[in-house]
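Shown next: start.txt, given as compact mmCIF, C-alpha atoms (C1' of nucleotides).
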```txt
# COMPACT_ATOMS: atom_id res chain seq x y z
CA MET A 210 15.45 -15.59 16.09
CA GLU A 211 17.27 -12.44 15.36
CA PRO A 212 14.85 -9.58 15.11
CA HIS A 213 16.25 -8.36 11.78
CA GLU A 214 16.91 -4.72 12.43
CA PRO A 215 18.58 -3.42 9.30
CA ASP A 216 20.76 -0.39 9.11
CA LEU A 217 18.79 2.59 7.88
CA THR A 218 21.17 3.03 4.98
CA ALA A 219 20.16 -0.40 3.71
CA VAL A 220 16.45 0.46 3.61
CA PRO A 221 15.05 2.25 0.57
CA VAL A 222 13.47 5.57 1.39
CA THR A 223 10.17 4.39 -0.03
CA ALA A 224 10.09 1.62 2.56
CA VAL A 225 10.67 4.13 5.35
CA LEU A 226 7.90 6.34 4.04
CA ALA A 227 5.57 3.38 3.57
CA ALA A 228 6.22 2.33 7.15
CA LEU A 229 5.15 5.76 8.34
CA ALA A 230 2.19 5.96 5.96
CA ASP A 231 -0.18 4.05 8.20
CA ASP A 232 -2.31 5.47 10.93
CA VAL A 233 -1.68 2.78 13.50
CA ARG A 234 2.07 2.78 12.91
CA LEU A 235 2.20 6.55 13.06
CA GLN A 236 0.48 6.45 16.44
CA ILE A 237 3.01 3.89 17.63
CA VAL A 238 5.91 6.05 16.46
CA ARG A 239 4.42 9.10 18.12
CA ALA A 240 3.96 7.24 21.37
CA LEU A 241 7.57 6.06 21.19
CA ALA A 242 8.82 9.55 20.48
CA GLU A 243 7.03 10.85 23.54
CA GLY A 244 7.38 8.03 25.97
CA GLY A 245 10.69 6.46 25.08
CA GLU A 246 11.00 2.72 25.40
CA ALA A 247 7.73 0.85 25.73
CA ALA A 248 6.43 -2.69 25.73
CA CYS A 249 4.60 -3.94 22.66
CA GLY A 250 1.44 -4.40 24.65
CA SER A 251 1.30 -0.78 25.64
CA PHE A 252 0.10 0.22 22.20
CA ASP A 253 -3.59 -0.42 22.17
CA PHE A 254 -4.96 1.43 19.20
CA GLY A 255 -7.98 -0.73 18.59
CA VAL A 256 -6.24 -3.54 16.77
CA SER A 257 -5.62 -7.11 17.82
CA LYS A 258 -2.26 -8.16 19.15
CA ALA A 259 -1.58 -10.05 15.93
CA THR A 260 -2.04 -6.86 13.94
CA ARG A 261 0.02 -4.89 16.41
CA SER A 262 2.83 -7.40 16.13
CA HIS A 263 2.65 -7.04 12.36
CA HIS A 264 2.93 -3.26 12.51
CA LEU A 265 5.87 -3.42 14.89
CA LYS A 266 7.56 -5.78 12.49
CA VAL A 267 7.08 -3.35 9.64
CA LEU A 268 8.56 -0.52 11.69
CA ARG A 269 11.47 -2.67 12.79
CA GLU A 270 12.28 -3.86 9.29
CA ALA A 271 12.11 -0.30 8.02
CA GLY A 272 14.95 0.48 10.41
CA LEU A 273 12.82 2.79 12.52
CA THR A 274 12.71 0.86 15.79
CA ARG A 275 14.78 -1.49 17.84
CA THR A 276 13.43 -4.29 20.01
CA ARG A 277 14.94 -6.08 22.95
CA ALA A 278 13.59 -8.83 25.11
CA ALA A 279 12.83 -8.17 28.76
CA GLY A 280 11.22 -11.05 30.53
CA THR A 281 8.05 -12.05 28.75
CA SER A 282 7.79 -8.59 27.27
CA ARG A 283 9.64 -6.95 24.44
CA LEU A 284 10.69 -3.37 24.73
CA VAL A 285 10.58 -1.22 21.64
CA ARG A 286 12.29 2.08 21.13
CA LEU A 287 12.58 4.57 18.32
CA ARG A 288 15.96 4.82 16.57
CA ARG A 289 15.63 8.56 16.64
CA ASP A 290 19.26 9.59 16.30
CA GLU A 291 19.86 7.37 13.32
CA VAL A 292 16.70 8.45 11.56
CA ASP A 293 17.41 12.11 12.22
CA LYS A 294 20.89 11.70 10.89
CA ARG A 295 19.87 10.11 7.61
CA TYR A 296 16.58 11.96 7.14
CA PRO A 297 16.91 15.27 8.95
CA GLY A 298 13.55 16.82 9.60
CA LEU A 299 11.53 13.79 8.59
CA LEU A 300 10.45 12.75 12.06
CA ASP A 301 9.96 16.32 13.18
CA ALA A 302 7.77 16.97 10.18
CA VAL A 303 5.69 13.89 10.67
CA LEU A 304 5.57 13.26 14.38
CA THR A 305 3.55 16.20 15.55
CA PRO A 306 -0.17 15.83 14.98
CA ARG A 307 -1.23 18.71 12.73
CA PRO A 308 -4.43 20.67 13.20
CA PRO A 309 -6.70 20.39 10.15
CA ALA A 310 -6.30 24.12 9.70
CA MET B 1334 -13.62 18.36 -14.58
CA GLU B 1335 -11.87 20.24 -11.90
CA PRO B 1336 -8.51 18.71 -11.15
CA HIS B 1337 -9.27 18.38 -7.43
CA GLU B 1338 -6.22 19.89 -5.84
CA PRO B 1339 -6.97 19.90 -2.13
CA ASP B 1340 -5.37 22.15 0.40
CA LEU B 1341 -2.56 20.39 2.17
CA THR B 1342 -4.22 20.97 5.50
CA ALA B 1343 -7.14 18.86 4.33
CA VAL B 1344 -4.98 15.86 3.51
CA PRO B 1345 -4.02 13.41 6.27
CA VAL B 1346 -0.29 13.01 6.83
CA THR B 1347 -0.53 9.33 6.03
CA ALA B 1348 -1.85 10.18 2.58
CA VAL B 1349 1.05 12.53 1.93
CA LEU B 1350 3.53 9.90 3.07
CA ALA B 1351 1.81 7.21 1.04
CA ALA B 1352 1.99 9.42 -2.02
CA LEU B 1353 5.75 9.72 -1.56
CA ALA B 1354 6.20 6.05 -0.74
CA ASP B 1355 6.40 4.88 -4.32
CA ASP B 1356 9.47 4.75 -6.45
CA VAL B 1357 7.92 6.14 -9.62
CA ARG B 1358 6.20 8.97 -7.78
CA LEU B 1359 9.35 9.83 -5.89
CA GLN B 1360 11.22 10.10 -9.16
CA ILE B 1361 8.51 12.39 -10.49
CA VAL B 1362 8.71 14.60 -7.41
CA ARG B 1363 12.48 14.74 -7.65
CA ALA B 1364 12.32 15.70 -11.30
CA LEU B 1365 9.81 18.43 -10.45
CA ALA B 1366 11.96 19.71 -7.61
CA GLU B 1367 14.90 20.02 -9.95
CA GLY B 1368 13.32 21.07 -13.19
CA GLY B 1369 10.36 23.11 -12.08
CA GLU B 1370 7.22 22.91 -14.17
CA ALA B 1371 7.10 20.01 -16.59
CA ALA B 1372 4.66 18.28 -18.91
CA CYS B 1373 3.20 14.96 -17.84
CA GLY B 1374 4.81 13.23 -20.75
CA SER B 1375 8.29 14.26 -19.71
CA PHE B 1376 8.32 11.65 -16.98
CA ASP B 1377 9.22 8.43 -18.64
CA PHE B 1378 10.22 6.07 -15.89
CA GLY B 1379 9.40 2.85 -17.66
CA VAL B 1380 5.67 2.87 -17.06
CA SER B 1381 2.82 3.32 -19.48
CA LYS B 1382 1.09 6.65 -19.84
CA ALA B 1383 -1.95 5.23 -18.06
CA THR B 1384 0.18 4.39 -15.05
CA ARG B 1385 1.90 7.75 -15.19
CA SER B 1386 -1.44 9.50 -15.24
CA HIS B 1387 -2.47 7.48 -12.23
CA HIS B 1388 0.65 8.47 -10.27
CA LEU B 1389 0.21 12.12 -11.12
CA LYS B 1390 -3.34 11.90 -9.87
CA VAL B 1391 -2.16 10.45 -6.58
CA LEU B 1392 0.37 13.25 -6.15
CA ARG B 1393 -2.20 15.88 -7.06
CA GLU B 1394 -4.82 14.53 -4.66
CA ALA B 1395 -2.24 14.37 -1.91
CA GLY B 1396 -1.84 18.12 -2.30
CA LEU B 1397 1.74 17.82 -3.50
CA THR B 1398 1.38 19.08 -7.07
CA ARG B 1399 -0.66 21.47 -9.13
CA THR B 1400 -1.64 20.95 -12.75
CA ARG B 1401 -2.64 23.43 -15.43
CA ALA B 1402 -3.59 22.91 -19.03
CA ALA B 1403 -1.35 24.24 -21.79
CA GLY B 1404 -2.43 23.27 -25.26
CA THR B 1405 -2.65 19.53 -25.54
CA SER B 1406 -0.24 19.16 -22.67
CA ARG B 1407 -0.68 19.59 -18.97
CA LEU B 1408 2.00 21.24 -16.95
CA VAL B 1409 2.67 19.92 -13.46
CA ARG B 1410 4.55 21.68 -10.72
CA LEU B 1411 5.48 20.91 -7.15
CA ARG B 1412 3.71 22.89 -4.44
CA ARG B 1413 6.96 23.28 -2.66
CA ASP B 1414 6.23 26.34 -0.53
CA GLU B 1415 3.03 24.92 0.84
CA VAL B 1416 4.56 21.53 1.59
CA ASP B 1417 7.58 23.11 3.25
CA LYS B 1418 5.34 25.28 5.34
CA ARG B 1419 3.21 22.44 6.67
CA TYR B 1420 5.91 19.78 6.80
CA PRO B 1421 9.22 21.56 7.24
CA GLY B 1422 12.10 19.32 6.30
CA LEU B 1423 10.00 16.59 4.76
CA LEU B 1424 10.84 17.30 1.15
CA ASP B 1425 14.45 18.07 1.94
CA ALA B 1426 14.77 14.79 3.77
CA VAL B 1427 13.18 12.77 1.04
CA LEU B 1428 14.07 14.47 -2.19
CA THR B 1429 17.78 13.88 -2.33
CA PRO B 1430 18.74 10.40 -3.46
CA ARG B 1431 20.73 8.83 -0.62
CA PRO B 1432 23.80 6.74 -1.16
CA PRO B 1433 23.37 3.22 0.23
CA ALA B 1434 26.22 3.98 2.60
C1' DG C 755 4.76 -28.99 36.76
C1' DG C 756 1.02 -26.09 35.85
C1' DT C 757 -0.93 -21.60 34.96
C1' DG C 758 -1.01 -17.04 33.25
C1' DT C 759 1.03 -13.28 30.61
C1' DT C 760 3.20 -11.59 26.48
C1' DG C 761 4.29 -11.84 21.70
C1' DT C 762 4.98 -14.21 17.29
C1' DT C 763 3.49 -16.95 13.49
C1' DC C 764 0.13 -19.09 10.54
C1' DG C 765 -3.72 -19.36 7.46
C1' DA C 766 -7.60 -16.85 5.67
C1' DT C 767 -9.97 -12.95 3.94
C1' DA C 768 -11.22 -8.50 2.40
C1' DG C 769 -9.59 -4.32 0.65
C1' DT C 770 -6.21 -1.52 -1.65
C1' DT C 771 -2.86 -0.53 -5.20
C1' DG C 772 0.31 -0.70 -9.29
C1' DT C 773 0.15 -2.02 -13.83
C1' DC C 774 -1.47 -2.49 -18.51
C1' DG C 775 -4.10 -2.03 -23.08
C1' DA C 776 -7.90 -0.03 -25.15
C1' DA C 777 -11.15 3.42 -25.61
C1' DC C 778 -12.11 8.11 -25.25
C1' DA C 779 -11.52 13.42 -25.13
C1' DA C 780 -9.33 17.79 -26.20
C1' DG C 781 -6.06 20.57 -29.01
C1' DG C 782 -3.00 21.84 -32.71
C1' DG C 783 -1.53 21.52 -37.38
C1' DT C 784 -1.85 20.86 -42.14
C1' DA D 326 -12.11 17.81 -42.19
C1' DC D 327 -8.47 14.81 -41.00
C1' DC D 328 -4.79 13.23 -38.34
C1' DC D 329 -1.48 13.28 -34.73
C1' DT D 330 -0.10 14.27 -30.09
C1' DT D 331 -1.17 14.34 -25.24
C1' DG D 332 -3.67 12.79 -21.25
C1' DT D 333 -7.56 10.72 -18.83
C1' DT D 334 -10.70 7.05 -17.83
C1' DC D 335 -12.23 2.32 -17.88
C1' DG D 336 -12.13 -2.47 -16.94
C1' DA D 337 -9.12 -6.21 -15.73
C1' DC D 338 -5.63 -8.53 -13.31
C1' DA D 339 -1.80 -9.50 -10.14
C1' DA D 340 0.49 -8.25 -6.05
C1' DC D 341 0.55 -6.47 -1.77
C1' DT D 342 -1.44 -5.24 2.86
C1' DA D 343 -4.27 -4.71 7.01
C1' DT D 344 -6.96 -7.39 9.72
C1' DC D 345 -8.45 -11.25 12.52
C1' DG D 346 -8.67 -15.73 15.37
C1' DA D 347 -6.21 -19.64 16.60
C1' DA D 348 -2.17 -22.04 17.49
C1' DC D 349 2.35 -21.81 19.23
C1' DA D 350 6.66 -20.29 22.00
C1' DA D 351 9.03 -18.14 25.89
C1' DC D 352 9.20 -16.61 30.29
C1' DA D 353 7.73 -15.74 35.17
C1' DC D 354 5.55 -17.06 39.23
C1' DC D 355 3.23 -20.00 42.44
```
Target encoding structure tokens, full file:
Amino acid sequence: MEPHEPDLTAVPVTAVLAALADDVRLQIVRALAEGGEAACGSFDFGVSKATRSHHLKVLREAGLTRTRAAGTSRLVRLRRDEVDKRYPGLLDAVLTPRPPA
Amino acid sequence: MEPHEPDLTAVPVTAVLAALADDVRLQIVRALAEGGEAACGSFDFGVSKATRSHHLKVLREAGLTRTRAAGTSRLVRLRRDEVDKRYPGLLDAVLTPRPPA
DNA sequence: GGTGTTGTTCGATAGTTGTCGAACAAGGGT
DNA sequence: ACCCTTGTTCGACAACTATCGAACAACACC
């Protein structure tokens, strides 16, 4: 099935924000921003693979990531340029872990 | 009771994003960004006053707004400087309504 | 073909959230 | 004192969401 990767302009901003407003997903996005393309299985943040698949789906359908098949794996990457173009500063503001002070 | 307006540094990013990830709240924030200080009642976006009060509470507890009493009203304002300082670009990226194209 | 790896999908469930009406509280006016 | 305006708080309810295990699909490799 087609992975359903909408254009960012077709996604309401609230959906983009909601996609980023989850701790697990934010960790995934941060890992992608640092490490580039990565397999789904490389994100072990203490959740089951079913949950991980769910989170990746949310990110994908929010227009934040792109997925392509590679053997038995699927490689995910952040659509950084597109996000930066439509929401300048958003990823920068959100990606870096902030000290509590 | 004290209105509980936490410092932004004490609020997790996900809570800030979640606060912005709602259509009604986003409209409130946009109105505040444009019009400055405003009474709670001035935000009529098709929800009851109970719901409106709830949304304002979410924004306040996310560290995004400040509230002060003024007669029978309460005046709300956006903590723009503080938000911009901690999350540069976030409000700019999110505040302006984007055309679907 | 069989086995193992990698993900997705399907219920199910528990928790969270948006919404409302009604009740309550605090002020201002008359 | 009385009423009206303005907000908050309190259940209640529906909708959504994060989570899991189990079942399934696709591919690689032997």
For a cut-off of 12 Å around (-10.7, -12.9, 12.1), file coordinates, pick out all residues using all atoms listed in the file and list them as a list in words. Val256, Ser257, Lys258, Ala259 and Thr260 of chain A; DG765, DA766, DT767 and DA768 of chain C; DA343, DT344, DC345, DG346 and DA347 of chain D
Which residues of range 329-353 of chain D have any atom within 12 Å of an atom in range 1353-1374 of chain B when counting all atoms listed in the file, and what is the closest pair of atoms for each, with the distance in Å to one decimal? Order the rows by chain and rising number and write it as CSV.
```
residue,atom,partner,partner_atom,distance
D:DT330,C1',B:Gly1374,CA,10.6
D:DT331,C1',B:Gly1374,CA,7.6
D:DG332,C1',B:Cys1373,CA,8.0
D:DT333,C1',B:Cys1373,CA,11.6
```
Just to confirm, what's the straight-line distance from CA of Val1349 in chain B to CA of Ala1395 in chain B in Å (one decimal)?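 According to the coordinates, CA of Val1349 in chain B and CA of Ala1395 in chain B are separated by 5.4 Å.
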C1' of DG781 in chain C to CA of Glu1338 in chain B, straight-line distance in Å: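 These atoms are spaced 23.2 Å apart.
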Could you state the separation of CA of Val1391 in chain B and CA of Leu217 in chain A in Å, given to one decimal place?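 Interatomic distance here is 26.6 Å.
Near (-8.2, -1.1, -6.9), the residues that fall inside 12 Å on the basis of all atoms listed in the file are His1387 of chain B; DG769, DT770, DT771, DG772 and DT773 of chain C; DG336, DA337, DC338, DA339, DA340 and DC341 of chain D.
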Set the distance at 12 Å and use all atoms listed in the file: which residues neighbour DT784 in chain C once local chain neighbours fewer than 3 positions away are removed? I'd like the list as a list in words.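 Non-adjacent residues within range: DA326, DC327, DC328 and DC329 of chain D.
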Fit chain B to chain A, all Cα atoms paired in order, least squares. Then write it as a compact mmCIF listing (two decimals) with C-alpha atoms, in the coordinates of the input.
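This went into part09.txt:
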```
# COMPACT_ATOMS: atom_id res chain seq x y z
CA MET B 1334 15.40 -15.71 15.66
CA GLU B 1335 17.26 -12.53 15.21
CA PRO B 1336 14.90 -9.59 15.09
CA HIS B 1337 16.29 -8.36 11.76
CA GLU B 1338 16.92 -4.72 12.44
CA PRO B 1339 18.59 -3.42 9.30
CA ASP B 1340 20.77 -0.38 9.10
CA LEU B 1341 18.81 2.59 7.87
CA THR B 1342 21.19 3.03 4.98
CA ALA B 1343 20.16 -0.39 3.72
CA VAL B 1344 16.47 0.47 3.61
CA PRO B 1345 15.04 2.28 0.57
CA VAL B 1346 13.42 5.62 1.31
CA THR B 1347 10.13 4.37 -0.05
CA ALA B 1348 10.11 1.62 2.56
CA VAL B 1349 10.68 4.12 5.35
CA LEU B 1350 7.89 6.33 4.03
CA ALA B 1351 5.58 3.37 3.58
CA ALA B 1352 6.24 2.32 7.15
CA LEU B 1353 5.15 5.76 8.34
CA ALA B 1354 2.19 5.92 5.98
CA ASP B 1355 -0.18 4.03 8.22
CA ASP B 1356 -2.30 5.48 10.94
CA VAL B 1357 -1.68 2.78 13.53
CA ARG B 1358 2.06 2.78 12.93
CA LEU B 1359 2.21 6.55 13.08
CA GLN B 1360 0.49 6.47 16.44
CA ILE B 1361 3.01 3.90 17.64
CA VAL B 1362 5.91 6.05 16.47
CA ARG B 1363 4.43 9.11 18.13
CA ALA B 1364 3.96 7.25 21.39
CA LEU B 1365 7.57 6.06 21.20
CA ALA B 1366 8.83 9.56 20.47
CA GLU B 1367 7.05 10.86 23.53
CA GLY B 1368 7.37 8.04 25.98
CA GLY B 1369 10.68 6.49 25.08
CA GLU B 1370 11.01 2.74 25.42
CA ALA B 1371 7.73 0.88 25.75
CA ALA B 1372 6.41 -2.66 25.75
CA CYS B 1373 4.60 -3.91 22.67
CA GLY B 1374 1.43 -4.37 24.62
CA SER B 1375 1.28 -0.73 25.64
CA PHE B 1376 0.08 0.25 22.20
CA ASP B 1377 -3.59 -0.41 22.16
CA PHE B 1378 -4.96 1.44 19.19
CA GLY B 1379 -7.99 -0.72 18.59
CA VAL B 1380 -6.25 -3.53 16.75
CA SER B 1381 -5.62 -7.09 17.80
CA LYS B 1382 -2.26 -8.15 19.15
CA ALA B 1383 -1.58 -10.02 15.91
CA THR B 1384 -2.04 -6.82 13.95
CA ARG B 1385 0.04 -4.87 16.42
CA SER B 1386 2.83 -7.39 16.12
CA HIS B 1387 2.66 -7.04 12.38
CA HIS B 1388 2.95 -3.24 12.53
CA LEU B 1389 5.88 -3.42 14.91
CA LYS B 1390 7.58 -5.78 12.51
CA VAL B 1391 7.10 -3.34 9.66
CA LEU B 1392 8.59 -0.51 11.71
CA ARG B 1393 11.49 -2.68 12.81
CA GLU B 1394 12.29 -3.86 9.29
CA ALA B 1395 12.13 -0.30 8.04
CA GLY B 1396 14.98 0.48 10.42
CA LEU B 1397 12.85 2.80 12.53
CA THR B 1398 12.74 0.87 15.80
CA ARG B 1399 14.81 -1.49 17.86
CA THR B 1400 13.44 -4.28 20.03
CA ARG B 1401 14.94 -6.08 23.00
CA ALA B 1402 13.56 -8.83 25.16
CA ALA B 1403 12.76 -8.15 28.81
CA GLY B 1404 11.11 -11.02 30.59
CA THR B 1405 7.96 -12.00 28.80
CA SER B 1406 7.73 -8.56 27.29
CA ARG B 1407 9.63 -6.94 24.49
CA LEU B 1408 10.68 -3.36 24.77
CA VAL B 1409 10.58 -1.22 21.65
CA ARG B 1410 12.31 2.08 21.13
CA LEU B 1411 12.60 4.58 18.33
CA ARG B 1412 15.97 4.85 16.60
CA ARG B 1413 15.64 8.56 16.63
CA ASP B 1414 19.29 9.58 16.29
CA GLU B 1415 19.88 7.37 13.31
CA VAL B 1416 16.70 8.45 11.55
CA ASP B 1417 17.42 12.11 12.21
CA LYS B 1418 20.91 11.70 10.88
CA ARG B 1419 19.87 10.11 7.60
CA TYR B 1420 16.60 11.97 7.13
CA PRO B 1421 16.93 15.28 8.94
CA GLY B 1422 13.55 16.82 9.58
CA LEU B 1423 11.53 13.79 8.58
CA LEU B 1424 10.47 12.74 12.05
CA ASP B 1425 9.95 16.31 13.17
CA ALA B 1426 7.75 16.96 10.19
CA VAL B 1427 5.69 13.86 10.67
CA LEU B 1428 5.57 13.22 14.37
CA THR B 1429 3.54 16.16 15.55
CA PRO B 1430 -0.19 15.77 14.98
CA ARG B 1431 -1.26 18.64 12.72
CA PRO B 1432 -4.44 20.56 13.20
CA PRO B 1433 -6.71 20.31 10.15
CA ALA B 1434 -6.35 24.06 9.77
```
Kindly determine which residues of chain C lie within 9 Å of chain A, considering all atoms listed in the file, and give the answer as a PyMOL selection string. chain C and resi 759-763
